[in-house]
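*Asks:* Supplied structure: input.cif, mmCIF, C-alpha atoms.
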```cif
data_query
loop_
_atom_site.label_atom_id
_atom_site.label_comp_id
_atom_site.auth_asym_id
_atom_site.auth_seq_id
_atom_site.Cartn_x
_atom_site.Cartn_y
_atom_site.Cartn_z
CA MET V 1 -21.68 -0.75 27.30
CA LYS V 2 -19.11 -1.61 24.63
CA ILE V 3 -21.36 -4.18 23.00
CA ILE V 4 -24.23 -1.64 22.82
CA ARG V 5 -21.94 0.83 21.06
CA TRP V 6 -20.84 -1.91 18.65
CA PHE V 7 -24.45 -2.76 17.82
CA LEU V 8 -25.32 0.92 17.28
CA GLY V 9 -22.35 1.48 14.99
CA ALA V 10 -22.99 -1.69 13.01
CA ALA V 11 -26.66 -0.81 12.59
CA LEU V 12 -25.75 2.71 11.43
CA LEU V 13 -23.19 1.47 8.90
CA ILE V 14 -25.37 -1.34 7.53
CA GLY V 15 -28.31 1.09 7.35
CA ILE V 16 -26.34 3.65 5.32
CA VAL V 17 -24.92 0.97 3.01
CA SER V 18 -28.33 -0.62 2.40
CA LEU V 19 -29.85 2.82 1.78
CA ILE V 20 -27.17 3.40 -0.87
CA ILE V 21 -27.77 -0.03 -2.41
CA ILE V 22 -31.56 0.25 -2.47
CA LYS V 23 -31.98 3.82 -3.69
CA PRO V 24 -28.98 5.98 -4.65
CA PHE V 25 -29.50 9.70 -4.34
CA PRO V 26 -29.84 11.36 -7.72
CA PHE V 27 -27.33 14.19 -7.35
CA LEU V 28 -23.68 14.09 -8.57
CA PHE V 29 -24.67 12.80 -12.02
CA TYR V 30 -25.24 15.21 -14.85
CA GLN V 31 -26.13 12.83 -17.67
CA ASN V 32 -27.29 9.30 -18.33
CA LEU V 33 -24.30 7.00 -17.95
CA PRO V 34 -24.00 3.43 -19.28
CA HIS V 35 -23.33 1.50 -16.05
CA VAL V 36 -24.96 3.94 -13.68
CA GLY V 37 -26.87 1.33 -11.75
CA PHE V 38 -23.87 -0.47 -10.27
CA LEU V 39 -21.11 2.11 -10.64
CA GLY V 40 -23.13 4.96 -9.18
CA ARG V 41 -23.58 2.90 -6.01
CA ALA V 42 -19.86 2.09 -6.06
CA LEU V 43 -19.06 5.82 -6.15
CA TYR V 44 -21.32 6.45 -3.16
CA ILE V 45 -19.68 3.63 -1.16
CA ILE V 46 -16.19 5.06 -1.85
CA ILE V 47 -17.45 8.48 -0.75
CA LEU V 48 -18.76 6.87 2.48
CA ALA V 49 -15.28 5.41 3.14
CA CYS V 50 -13.76 8.85 2.48
CA PHE V 51 -16.07 10.30 5.12
CA LEU V 52 -14.76 7.70 7.62
CA THR V 53 -11.20 8.90 6.98
CA LEU V 54 -12.38 12.51 7.29
CA TYR V 55 -13.70 11.61 10.76
CA ARG V 56 -10.20 10.45 11.70
CA ILE V 57 -8.65 13.65 10.30
CA TRP V 58 -11.09 15.75 12.33
CA LYS V 59 -10.81 13.80 15.54
CA GLY V 60 -7.24 12.39 15.52
CA PRO V 61 -5.47 12.88 18.85
CA THR V 62 -1.95 13.26 17.42
CA GLY V 63 -0.48 14.56 14.20
CA ALA V 64 0.56 11.09 13.07
CA ASP V 65 -3.08 9.93 12.97
CA ARG V 66 -3.95 12.80 10.66
CA ILE V 67 -1.03 12.03 8.35
CA VAL V 68 -2.11 8.36 8.15
CA ALA V 69 -5.65 9.40 7.27
CA VAL V 70 -4.46 11.81 4.54
CA ASP V 71 -2.31 9.05 3.01
CA ILE V 72 -5.21 6.60 2.98
CA LEU V 73 -7.52 9.26 1.50
CA GLY V 74 -5.01 9.77 -1.31
CA ILE V 75 -4.93 6.07 -2.16
CA MET V 76 -8.72 5.88 -2.14
CA ILE V 77 -9.12 8.82 -4.55
CA VAL V 78 -7.21 6.69 -7.09
CA GLY V 79 -9.94 4.04 -6.85
CA LEU V 80 -12.56 6.79 -7.27
CA CYS V 81 -10.81 7.93 -10.45
CA ALA V 82 -10.80 4.34 -11.78
CA VAL V 83 -14.55 3.98 -11.20
CA LEU V 84 -15.13 7.34 -12.89
CA THR V 85 -13.09 6.11 -15.87
CA ILE V 86 -15.46 3.22 -16.47
CA SER V 87 -18.68 5.07 -15.73
CA THR V 88 -17.99 8.09 -17.95
CA GLY V 89 -15.88 6.36 -20.59
CA ARG V 90 -13.26 9.12 -20.61
CA SER V 91 -9.74 7.81 -20.31
CA TRP V 92 -8.17 10.93 -18.83
CA TYR V 93 -9.63 10.25 -15.39
CA ILE V 94 -7.03 7.51 -14.89
CA ASP V 95 -4.29 10.05 -15.69
CA ILE V 96 -5.54 12.08 -12.73
CA GLY V 97 -5.32 8.87 -10.69
CA ILE V 98 -1.67 8.19 -11.57
CA ALA V 99 -0.64 11.78 -10.88
CA TRP V 100 -2.56 11.76 -7.59
CA ALA V 101 -0.89 8.50 -6.44
CA LEU V 102 2.66 9.73 -7.08
CA GLN V 103 2.06 13.18 -5.62
CA SER V 104 0.37 11.78 -2.51
CA PHE V 105 3.35 9.45 -1.96
CA ILE V 106 5.82 12.35 -2.13
CA SER V 107 3.73 14.54 0.18
CA THR V 108 3.44 11.68 2.70
CA LEU V 109 7.21 11.24 2.73
CA ALA V 110 7.70 14.99 3.27
CA LEU V 111 5.13 15.06 6.09
CA SER V 112 6.73 12.09 7.85
CA LYS V 113 10.16 13.77 7.61
CA TYR V 114 8.56 16.81 9.23
CA LEU V 115 7.10 14.59 11.94
CA GLU V 116 10.51 13.09 12.62
CA GLY V 117 11.91 16.58 13.17
CA ARG V 118 14.70 16.54 10.60
CA ASP V 119 15.62 18.79 7.70
CA PHE V 120 14.44 18.05 4.19
CA ASP V 121 17.87 17.77 2.60
CA GLU V 122 18.96 14.64 4.42
CA MET D 1 -18.48 -12.18 -19.38
CA SER D 2 -15.46 -9.94 -18.72
CA ASP D 3 -17.84 -7.23 -17.53
CA ILE D 4 -19.16 -9.55 -14.83
CA ILE D 5 -15.67 -10.55 -13.64
CA GLY D 6 -14.65 -6.90 -13.52
CA LEU D 7 -17.73 -5.87 -11.55
CA ILE D 8 -17.13 -8.71 -9.05
CA LEU D 9 -13.51 -7.53 -8.57
CA ILE D 10 -14.75 -3.95 -8.05
CA SER D 11 -17.25 -5.13 -5.41
CA VAL D 12 -14.52 -7.03 -3.50
CA GLY D 13 -12.34 -3.93 -3.62
CA LEU D 14 -15.15 -1.75 -2.25
CA LEU D 15 -15.72 -4.22 0.62
CA PHE D 16 -12.04 -4.15 1.61
CA ASP D 17 -11.92 -0.34 1.32
CA VAL D 18 -14.81 0.02 3.75
CA PHE D 19 -13.22 -2.47 6.19
CA GLY D 20 -9.90 -0.61 6.05
CA CYS D 21 -11.54 2.73 6.83
CA LEU D 22 -13.52 1.08 9.63
CA GLY D 23 -10.22 -0.12 11.08
CA LEU D 24 -8.91 3.44 10.81
CA VAL D 25 -11.83 4.56 12.98
CA ARG D 26 -12.02 1.70 15.49
CA LEU D 27 -8.46 0.65 16.38
CA PRO D 28 -6.72 2.28 19.34
CA ASP D 29 -3.34 3.75 18.31
CA VAL D 30 -1.34 4.95 15.30
CA TYR D 31 0.49 1.71 14.50
CA ASN D 32 -2.63 -0.50 14.53
CA ARG D 33 -4.50 2.03 12.40
CA LEU D 34 -1.61 2.14 9.97
CA GLN D 35 -1.60 -1.66 9.66
CA ALA D 36 -5.30 -2.10 9.01
CA ALA D 37 -5.65 0.88 6.73
CA THR D 38 -2.54 0.25 4.63
CA LYS D 39 -3.24 -3.43 3.98
CA CYS D 40 -6.95 -3.23 3.30
CA VAL D 41 -6.94 -0.04 1.25
CA THR D 42 -3.95 -1.13 -0.86
CA LEU D 43 -5.56 -4.43 -1.82
CA GLY D 44 -8.96 -2.77 -2.27
CA THR D 45 -7.67 -0.10 -4.64
CA CYS D 46 -5.55 -2.62 -6.57
CA SER D 47 -8.63 -4.80 -6.97
CA ILE D 48 -10.69 -1.86 -8.27
CA LEU D 49 -7.95 -0.99 -10.77
CA MET D 50 -7.70 -4.64 -11.87
CA GLY D 51 -11.47 -4.67 -12.44
CA THR D 52 -11.11 -1.49 -14.49
CA PHE D 53 -8.42 -3.15 -16.60
CA ILE D 54 -10.57 -6.25 -17.18
CA ILE D 55 -13.63 -4.19 -18.20
CA VAL D 56 -11.82 -1.67 -20.40
CA GLY D 57 -9.32 -4.07 -22.03
CA PHE D 58 -6.02 -3.29 -23.75
CA CYS D 59 -6.62 0.36 -24.55
CA ALA D 60 -4.98 3.48 -23.09
CA ALA D 61 -6.96 3.45 -19.85
CA GLY D 62 -6.33 -0.26 -19.22
CA ILE D 63 -2.55 0.01 -19.61
CA LYS D 64 -2.52 3.04 -17.33
CA ALA D 65 -4.54 1.12 -14.73
CA LEU D 66 -1.89 -1.64 -14.75
CA LEU D 67 0.88 0.94 -14.26
CA CYS D 68 -1.13 2.47 -11.42
CA ILE D 69 -1.32 -0.95 -9.68
CA LEU D 70 2.47 -1.22 -9.93
CA PHE D 71 3.00 2.26 -8.48
CA ILE D 72 0.62 1.69 -5.58
CA LEU D 73 2.08 -1.71 -4.65
CA LEU D 74 5.58 -0.19 -4.61
CA THR D 75 4.86 3.11 -2.87
CA SER D 76 2.23 2.40 -0.23
CA PRO D 77 4.34 0.14 2.07
CA VAL D 78 7.23 2.62 1.87
CA ALA D 79 4.91 5.43 2.94
CA ALA D 80 3.59 3.31 5.83
CA HIS D 81 7.15 2.52 6.92
CA ALA D 82 8.11 6.22 6.85
CA ILE D 83 5.05 7.26 8.88
CA ALA D 84 5.65 4.52 11.50
CA ARG D 85 9.30 5.49 11.93
CA GLY D 86 8.49 9.19 12.13
CA ALA D 87 5.72 8.60 14.65
CA HIS D 88 7.94 6.46 16.88
CA ARG D 89 10.83 8.96 16.75
CA SER D 90 8.53 11.89 17.51
CA GLY D 91 7.43 10.13 20.69
CA VAL D 92 3.96 8.72 20.00
CA LYS D 93 3.38 6.04 22.65
CA LEU D 94 1.95 2.60 21.98
CA CYS D 95 -1.56 2.02 23.30
CA LYS D 96 -2.07 0.57 26.76
CA GLU D 97 -3.01 -2.93 25.60
CA SER D 98 0.41 -3.55 24.06
CA VAL D 99 2.67 -6.10 25.67
CA VAL D 100 6.23 -5.49 24.50
CA ASP D 101 8.30 -2.70 22.95
CA ARG D 102 11.81 -3.79 22.01
CA TYR D 103 12.51 -0.63 20.00
CA THR D 104 12.30 1.74 22.95
CA GLU D 105 14.32 -0.69 25.08
CA ASP D 106 17.12 -0.83 22.53
CA LYS D 107 17.21 2.90 22.00
CA GLU D 108 17.35 3.56 25.73
CA GLY D 109 20.15 1.00 26.07
CA GLU D 110 22.26 2.85 23.52
CA LEU D 111 21.98 6.26 25.17
CA MET T 1 27.33 3.89 -17.33
CA LYS T 2 25.66 0.48 -17.29
CA SER T 3 23.07 1.61 -14.75
CA ARG T 4 22.27 4.65 -16.92
CA ILE T 5 21.52 2.42 -19.91
CA ILE T 6 19.20 0.25 -17.78
CA LEU T 7 17.42 3.34 -16.44
CA PHE T 8 17.08 4.69 -20.01
CA ILE T 9 15.40 1.46 -21.19
CA LEU T 10 13.10 1.39 -18.15
CA GLY T 11 12.07 5.02 -18.58
CA PHE T 12 11.46 4.53 -22.30
CA VAL T 13 9.22 1.50 -21.68
CA ILE T 14 7.20 3.40 -19.07
CA TRP T 15 6.88 6.35 -21.50
CA CYS T 16 5.59 4.02 -24.22
CA LEU T 17 3.06 2.47 -21.84
CA LEU T 18 1.86 5.91 -20.73
CA SER T 19 1.36 7.11 -24.31
CA TRP T 20 -0.37 3.96 -25.58
CA VAL T 21 -0.77 3.34 -28.64
CA PRO T 22 2.84 4.44 -29.42
CA ASP T 23 3.46 6.13 -32.77
CA TRP T 24 6.75 7.57 -33.96
CA GLN T 25 6.25 11.16 -32.76
CA HIS T 26 5.67 10.00 -29.20
CA MET T 27 8.67 7.67 -29.51
CA VAL T 28 11.02 10.49 -30.59
CA VAL T 29 9.98 12.73 -27.69
CA GLY T 30 10.28 9.72 -25.36
CA VAL T 31 13.87 9.04 -26.43
CA PHE T 32 14.87 12.60 -25.52
CA VAL T 33 13.02 12.63 -22.19
CA ALA T 34 14.34 9.22 -21.10
CA ALA T 35 17.90 10.23 -22.06
CA LEU T 36 17.60 13.41 -20.00
CA VAL T 37 16.28 11.54 -16.96
CA ALA T 38 18.94 8.83 -17.26
CA PHE T 39 21.68 11.45 -17.59
CA LEU T 40 20.52 13.40 -14.53
CA THR T 41 19.66 10.62 -12.06
CA GLY T 42 21.54 7.61 -13.43
CA ASP T 43 23.85 6.83 -10.54
CA LEU T 44 21.18 7.08 -7.84
CA PHE T 45 18.88 4.34 -8.95
CA ILE T 46 20.72 1.05 -9.51
CA GLN T 47 23.82 0.26 -7.49
CA ARG T 48 24.74 -3.22 -8.72
CA PRO T 49 23.77 -3.69 -12.38
CA HIS T 50 25.41 -7.12 -12.68
CA VAL T 51 22.49 -8.65 -10.74
CA LEU T 52 20.12 -7.92 -13.62
CA LYS T 53 21.97 -10.18 -16.06
CA HIS T 54 20.94 -13.60 -14.74
CA PRO T 55 17.70 -14.91 -16.25
CA GLN T 56 17.02 -17.39 -13.43
CA ARG T 57 16.55 -14.48 -11.02
CA TYR T 58 13.62 -13.21 -13.13
CA PHE T 59 12.23 -16.76 -13.16
CA TYR T 60 12.39 -17.01 -9.35
CA PHE T 61 10.92 -13.53 -9.01
CA PHE T 62 7.86 -14.12 -11.19
CA PHE T 63 7.10 -17.76 -10.42
CA GLN T 64 8.10 -18.08 -6.77
CA TYR T 65 7.98 -14.68 -5.09
CA VAL T 66 4.93 -13.10 -6.74
CA PRO T 67 2.41 -15.97 -6.09
CA ILE T 68 3.44 -16.31 -2.45
CA PHE T 69 3.25 -12.52 -2.05
CA LEU T 70 -0.26 -12.29 -3.55
CA TRP T 71 -1.54 -15.20 -1.45
CA GLU T 72 -0.14 -13.64 1.75
CA ILE T 73 -1.77 -10.28 0.89
CA ILE T 74 -5.19 -11.92 0.50
CA LYS T 75 -4.77 -13.83 3.79
CA ALA T 76 -3.69 -10.63 5.55
CA ASN T 77 -6.74 -8.76 4.35
CA ILE T 78 -9.18 -11.40 5.53
CA GLU T 79 -7.47 -11.52 8.93
CA VAL T 80 -7.54 -7.73 9.34
CA ALA T 81 -11.20 -7.59 8.28
CA TYR T 82 -12.02 -10.25 10.92
CA ARG T 83 -10.18 -8.35 13.67
CA VAL T 84 -11.79 -5.03 12.77
CA ALA T 85 -15.35 -6.35 12.59
CA HIS T 86 -15.13 -8.42 15.81
CA PRO T 87 -16.98 -6.69 18.67
CA ALA T 88 -14.24 -7.25 21.29
CA LEU T 89 -11.25 -6.18 19.11
CA PRO T 90 -8.95 -9.22 19.61
CA ILE T 91 -5.60 -7.38 19.43
CA ARG T 92 -2.42 -7.78 21.49
CA PRO T 93 0.01 -5.33 19.87
CA GLY T 94 3.71 -4.87 20.46
CA ILE T 95 7.03 -4.21 18.74
CA VAL T 96 9.33 -7.22 18.41
CA LYS T 97 12.86 -7.57 17.03
CA VAL T 98 13.73 -9.94 14.20
CA LYS T 99 17.07 -10.78 12.64
CA THR T 100 17.84 -11.08 8.95
CA ILE T 101 20.70 -12.45 6.88
CA LEU T 102 20.12 -10.23 3.83
CA LYS T 103 22.71 -7.57 3.07
CA SER T 104 21.89 -5.52 -0.03
CA ASP T 105 19.59 -2.50 0.00
CA THR T 106 17.17 -3.77 -2.65
CA ALA T 107 16.65 -7.07 -0.84
CA LEU T 108 16.06 -5.26 2.47
CA THR T 109 13.54 -2.93 0.80
CA PHE T 110 11.64 -5.85 -0.69
CA LEU T 111 11.75 -7.69 2.66
CA ALA T 112 10.34 -4.64 4.49
CA ASN T 113 7.58 -4.25 1.86
CA SER T 114 6.67 -7.94 2.13
CA ILE T 115 6.55 -7.72 5.93
CA THR T 116 4.30 -4.68 5.75
CA LEU T 117 1.80 -6.33 3.42
CA THR T 118 1.66 -9.77 5.13
CA PRO T 119 -0.65 -10.83 7.99
CA GLY T 120 -0.48 -8.70 11.10
CA THR T 121 2.99 -7.17 10.77
CA LEU T 122 4.39 -3.72 9.94
CA SER T 123 8.09 -2.89 9.71
CA VAL T 124 8.97 0.13 11.83
CA ASP T 125 12.75 0.52 11.49
CA ILE T 126 15.78 -1.18 9.94
CA ASP T 127 19.20 -1.25 11.57
CA THR T 128 21.62 -2.18 8.80
CA LYS T 129 24.71 -2.33 11.04
CA LYS T 130 23.29 -5.03 13.31
CA SER T 131 21.04 -6.44 10.51
CA VAL T 132 17.97 -6.20 12.71
CA LEU T 133 14.40 -5.24 11.85
CA TYR T 134 11.90 -3.84 14.33
CA VAL T 135 8.42 -5.15 13.51
CA HIS T 136 5.08 -4.02 14.91
CA TRP T 137 2.88 -7.06 15.38
CA ILE T 138 -0.87 -6.78 15.88
CA TYR T 139 -1.19 -10.08 17.78
CA VAL T 140 2.08 -10.97 19.53
CA LYS T 141 2.44 -14.75 19.64
CA THR T 142 5.96 -14.79 21.05
CA GLU T 143 8.32 -12.16 22.45
CA ASP T 144 11.48 -14.15 21.75
CA THR T 145 13.69 -12.91 18.90
CA GLU T 146 14.52 -16.33 17.40
CA GLU T 147 10.96 -17.61 17.28
CA ALA T 148 9.66 -14.32 15.91
CA THR T 149 12.31 -14.53 13.20
CA LYS T 150 11.15 -18.03 12.33
CA ILE T 151 7.51 -16.97 12.12
CA ILE T 152 7.79 -13.62 10.34
CA VAL T 153 10.90 -13.50 8.18
CA ALA T 154 11.78 -17.10 7.26
CA ARG T 155 9.21 -17.63 4.52
CA PHE T 156 10.50 -14.69 2.42
CA GLU T 157 14.17 -14.69 3.32
CA LYS T 158 15.20 -17.78 1.38
CA ILE T 159 13.49 -16.65 -1.83
CA LEU T 160 14.78 -13.07 -1.60
CA LYS T 161 18.33 -14.27 -0.94
CA ARG T 162 18.18 -16.35 -4.09
CA ILE T 163 16.80 -13.43 -6.10
CA PHE T 164 18.82 -10.42 -4.99
CA ASP T 165 22.15 -11.60 -3.53
#
```
Write out the structure in this file as structure tokens.
*Replies:*
Amino acid sequence: MKIIRWFLGAALLIGIVSLIIIKPFPFLFYQNLPHVGFLGRALYIIILACFLTLYRIWKGPTGADRIVAVDILGIMIVGLCAVLTISTGRSWYIDIGIAWALQSFISTLALSKYLEGRDFDE
Amino acid sequence: MSDIIGLILISVGLLFDVFGCLGLVRLPDVYNRLQAATKCVTLGTCSILMGTFIIVGFCAAGIKALLCILFILLTSPVAAHAIARGAHRSGVKLCKESVVDRYTEDKEGEL
Amino acid sequence: MKSRIILFILGFVIWCLLSWVPDWQHMVVGVFVAALVAFLTGDLFIQRPHVLKHPQRYFYFFFQYVPIFLWEIIKANIEVAYRVAHPALPIRPGIVKVKTILKSDTALTFLANSITLTPGTLSVDIDTKKSVLYVHWIYVKTEDTEEATKIIVARFEKILKRIFD
């Protein structure tokens, strides 16, 4: 039973990834970009990984699982901003990435303090 | 040439990102998920940023990408440590495959 | 006072890197901002400024700690990817106790970060009074404290003691 589920999941994941690699869907891009062949596919693969973390946020049995998934989502958005920096050629996307990394770190610390059940001023 | 090296680094980073998120979905309890996700996603994002730096070069975006690598390598293990400690203190149990838990033993011995 | 000067230089360098390419207007604003930050939070950041004076510590840090750290991160990622993609999930998790001989806060922070990013381990809590770390291990090879110390901590402890103590 377990091995059948593993095969189904692997087939689904490999199918989605190969669909992205063969023929990326044309939405999300509003102009012709220089590297769009490779970097557009890279954006779609990061978005796929973000959907995996969203599954864990939706389904997580305890609060700690959800906090872990939010932290990981925050780190992955930084990678998305880096890919957007190359593909659009605008350097302010990486500024969004730096600000997002620091702010996500602080919010994770605050959420874990809340989970521990202590006050914020300690 | 530097474009090709950068694109290879970005592909390796994407691979590790997907494996980290797969670990977040497949593994059984909070601590295992935290391990897989923190390690893989930290190295994956650092690899993507390094590829960005190699493609873009020494301009504003490249220097900021290097700073971003530094921030992520310093902050992400601290965040993982804080979440693990908070989860254990708030009473999240280890999964049923686990073999030993010295932390609970020591805390019960003190009380 | 000494720690405030170090924090001022650090903040000014980070300001210059953030506003690359630096011209003199950015530099003037950066001097004021870094001075304000160093004045407000100077005594929180660096406790023992005399450590920063020895050049051989920087040498050990960049040529001995950083390569080992990067190599361990790459090994850890390949191992985690193998465990996640395996159909039977070969995990045997548990929390073990390891001892350490490091004393200062910076060294303990770097040790906990190294443990978190190396193969199969995640630091859960630090007890500074008993100098004991609790480590979550994804595949427990041994439950004994001494052997676990030898496997997990020993490869970083010597280098970090030379750098930070």
*Asks:* Can you translate the PyMOL selection byres ((chain D and resi 63-75) around 9) into the concrete residues it hits in this file, as an MDAnalysis selection string?
*Replies:* (chainID V and resid 75 78 82 94:95 97:98 101:102 105) or (chainID D and resid 42:43 45:47 49:50 52:53 57:62 76:80) or (chainID T and resid 14 17:20 113)
*Asks:* Given a cut-off of 10 Å, which residues of chain V touch chain T, counting only C-alpha atoms, written out as an NGL selection string?
*Replies:* :V and (2-7 or 10 or 95)
*Asks:* I need the chain D residues near chain T as a ChimeraX atom specification; criterion: at most 6 Å, counting all atoms listed in the file.
*Replies:* /D:19,23,39-40,60,77,81,84-85,98-102
*Asks:* To one decimal place, how far is CA of Leu108 in chain T from CA of Ile163 in chain T in Å?
*Replies:*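 These two atoms are separated by 11.9 Å.
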*Asks:* Within 6 Å of chain V, which residues belong to chain D? Use all atoms listed in the file and report them as a ChimeraX atom specification.
*Replies:* /D:18,21,30,45,61,68,83,86-87,89-90
*Asks:* Quick one: residues within 7 Å of Lys99 in chain T, only C-alpha atoms, excluding same-chain residues fewer than 6 positions away - as a ChimeraX atom specification?
*Replies:* /T:131-133,149
*Asks:* So which one's closest to Ile10 in chain D, D:Ile48, D:Ala36, D:Val41, D:Leu27? Using all atoms listed in the file, please.
*Replies:*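 Of the candidates, the smallest distance to Ile10 in chain D is held by D:Ile48.
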*Asks:* Between CA of Trp15 in chain T and CA of Leu44 in chain T, what distance in Å does the model show, to one decimal?
*Replies:* 19.8 Å
*Asks:* What does the distance between CA of Lys150 in chain T and CA of Thr128 in chain T come to in Å, to one decimal place?
*Replies:*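 Value for the CA of Lys150 in chain T-CA of Thr128 in chain T distance: 19.3 Å.
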*Asks:* Put a box with edges along x, y and z around all the listed atoms of range 61-72 of chain V, pad it by 8 Å on each side, then give me its centre and sizes in Å, one decimal, as JSON.
*Replies:*
```
{"center_x": -2.5, "center_y": 10.6, "center_z": 10.9, "size_x": 22.2, "size_y": 24.0, "size_z": 31.9}
```
*Asks:* Here's a test: counting all atoms listed in the file, identify every protein, DNA and RNA residue with an atom at most 12 Å from (14.2, 2.7, -8.2) in the file's coordinate frame, and state them as a list in words.
*Replies:*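 With a cut-off of 12 Å, the residues come to Phe71, Leu74 and Thr75 of chain D; Ser3, Ile6, Leu7, Leu10, Gly11, Ala38, Thr41, Gly42, Asp43, Leu44, Phe45, Ile46, Gln47, Asp105, Thr106, Thr109 and Phe110 of chain T.
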*Asks:* Neighbouring residues of Gln64 in chain T were defined as those with any atom within 9 Å, considering all atoms listed in the file; residues of the same chain fewer than 5 positions away were excluded. Please report them as a PDB file with C-alpha atoms, keeping the file's coordinate frame.
*Replies:*
```pdb
ATOM      1  CA  PHE T  59      12.230 -16.760 -13.160  1.00  0.00           C
ATOM      2  CA  PHE T  69       3.250 -12.520  -2.050  1.00  0.00           C
ATOM      3  CA  ILE T 159      13.490 -16.650  -1.830  1.00  0.00           C
TER       4      ILE T 159
END
```
*Asks:* Starting from the sparse input, extend range 7-12 of chain T to all heavy atoms and give the output as a compact mmCIF listing (two decimals), in the coordinates of the input.
*Replies:*
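Resulting contents of out-v4.txt:
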```txt
# COMPACT_ATOMS: atom_id res chain seq x y z
N LEU T 7 18.44 2.35 -16.81
CA LEU T 7 17.42 3.34 -16.44
C LEU T 7 16.79 3.95 -17.68
O LEU T 7 15.58 4.22 -17.72
CB LEU T 7 18.05 4.41 -15.58
CG LEU T 7 17.08 5.39 -14.96
CD1 LEU T 7 16.15 4.66 -14.04
CD2 LEU T 7 17.80 6.45 -14.21
N PHE T 8 17.61 4.15 -18.75
CA PHE T 8 17.08 4.69 -20.01
C PHE T 8 16.05 3.74 -20.60
O PHE T 8 14.95 4.17 -21.00
CB PHE T 8 18.22 4.90 -20.99
CG PHE T 8 17.78 5.27 -22.37
CD1 PHE T 8 17.32 6.54 -22.64
CD2 PHE T 8 17.82 4.34 -23.39
CE1 PHE T 8 16.91 6.89 -23.90
CE2 PHE T 8 17.41 4.69 -24.65
CZ PHE T 8 16.95 5.96 -24.90
N ILE T 9 16.36 2.42 -20.62
CA ILE T 9 15.40 1.46 -21.19
C ILE T 9 14.13 1.43 -20.36
O ILE T 9 13.00 1.45 -20.89
CB ILE T 9 16.06 0.07 -21.27
CG1 ILE T 9 17.22 0.10 -22.26
CG2 ILE T 9 15.07 -0.97 -21.70
CD1 ILE T 9 18.05 -1.12 -22.22
N LEU T 10 14.28 1.43 -19.04
CA LEU T 10 13.10 1.39 -18.15
C LEU T 10 12.21 2.61 -18.36
O LEU T 10 10.98 2.50 -18.51
CB LEU T 10 13.59 1.32 -16.70
CG LEU T 10 12.64 0.76 -15.69
CD1 LEU T 10 12.33 -0.68 -16.02
CD2 LEU T 10 13.26 0.85 -14.31
N GLY T 11 12.84 3.80 -18.39
CA GLY T 11 12.07 5.02 -18.58
C GLY T 11 11.37 5.06 -19.93
O GLY T 11 10.23 5.51 -20.05
N PHE T 12 12.07 4.53 -20.97
CA PHE T 12 11.46 4.53 -22.30
C PHE T 12 10.26 3.59 -22.36
O PHE T 12 9.22 3.93 -22.95
CB PHE T 12 12.52 4.13 -23.32
CG PHE T 12 12.07 4.26 -24.72
CD1 PHE T 12 11.73 5.50 -25.23
CD2 PHE T 12 11.97 3.16 -25.53
CE1 PHE T 12 11.30 5.62 -26.52
CE2 PHE T 12 11.54 3.28 -26.82
CZ PHE T 12 11.20 4.52 -27.31
```
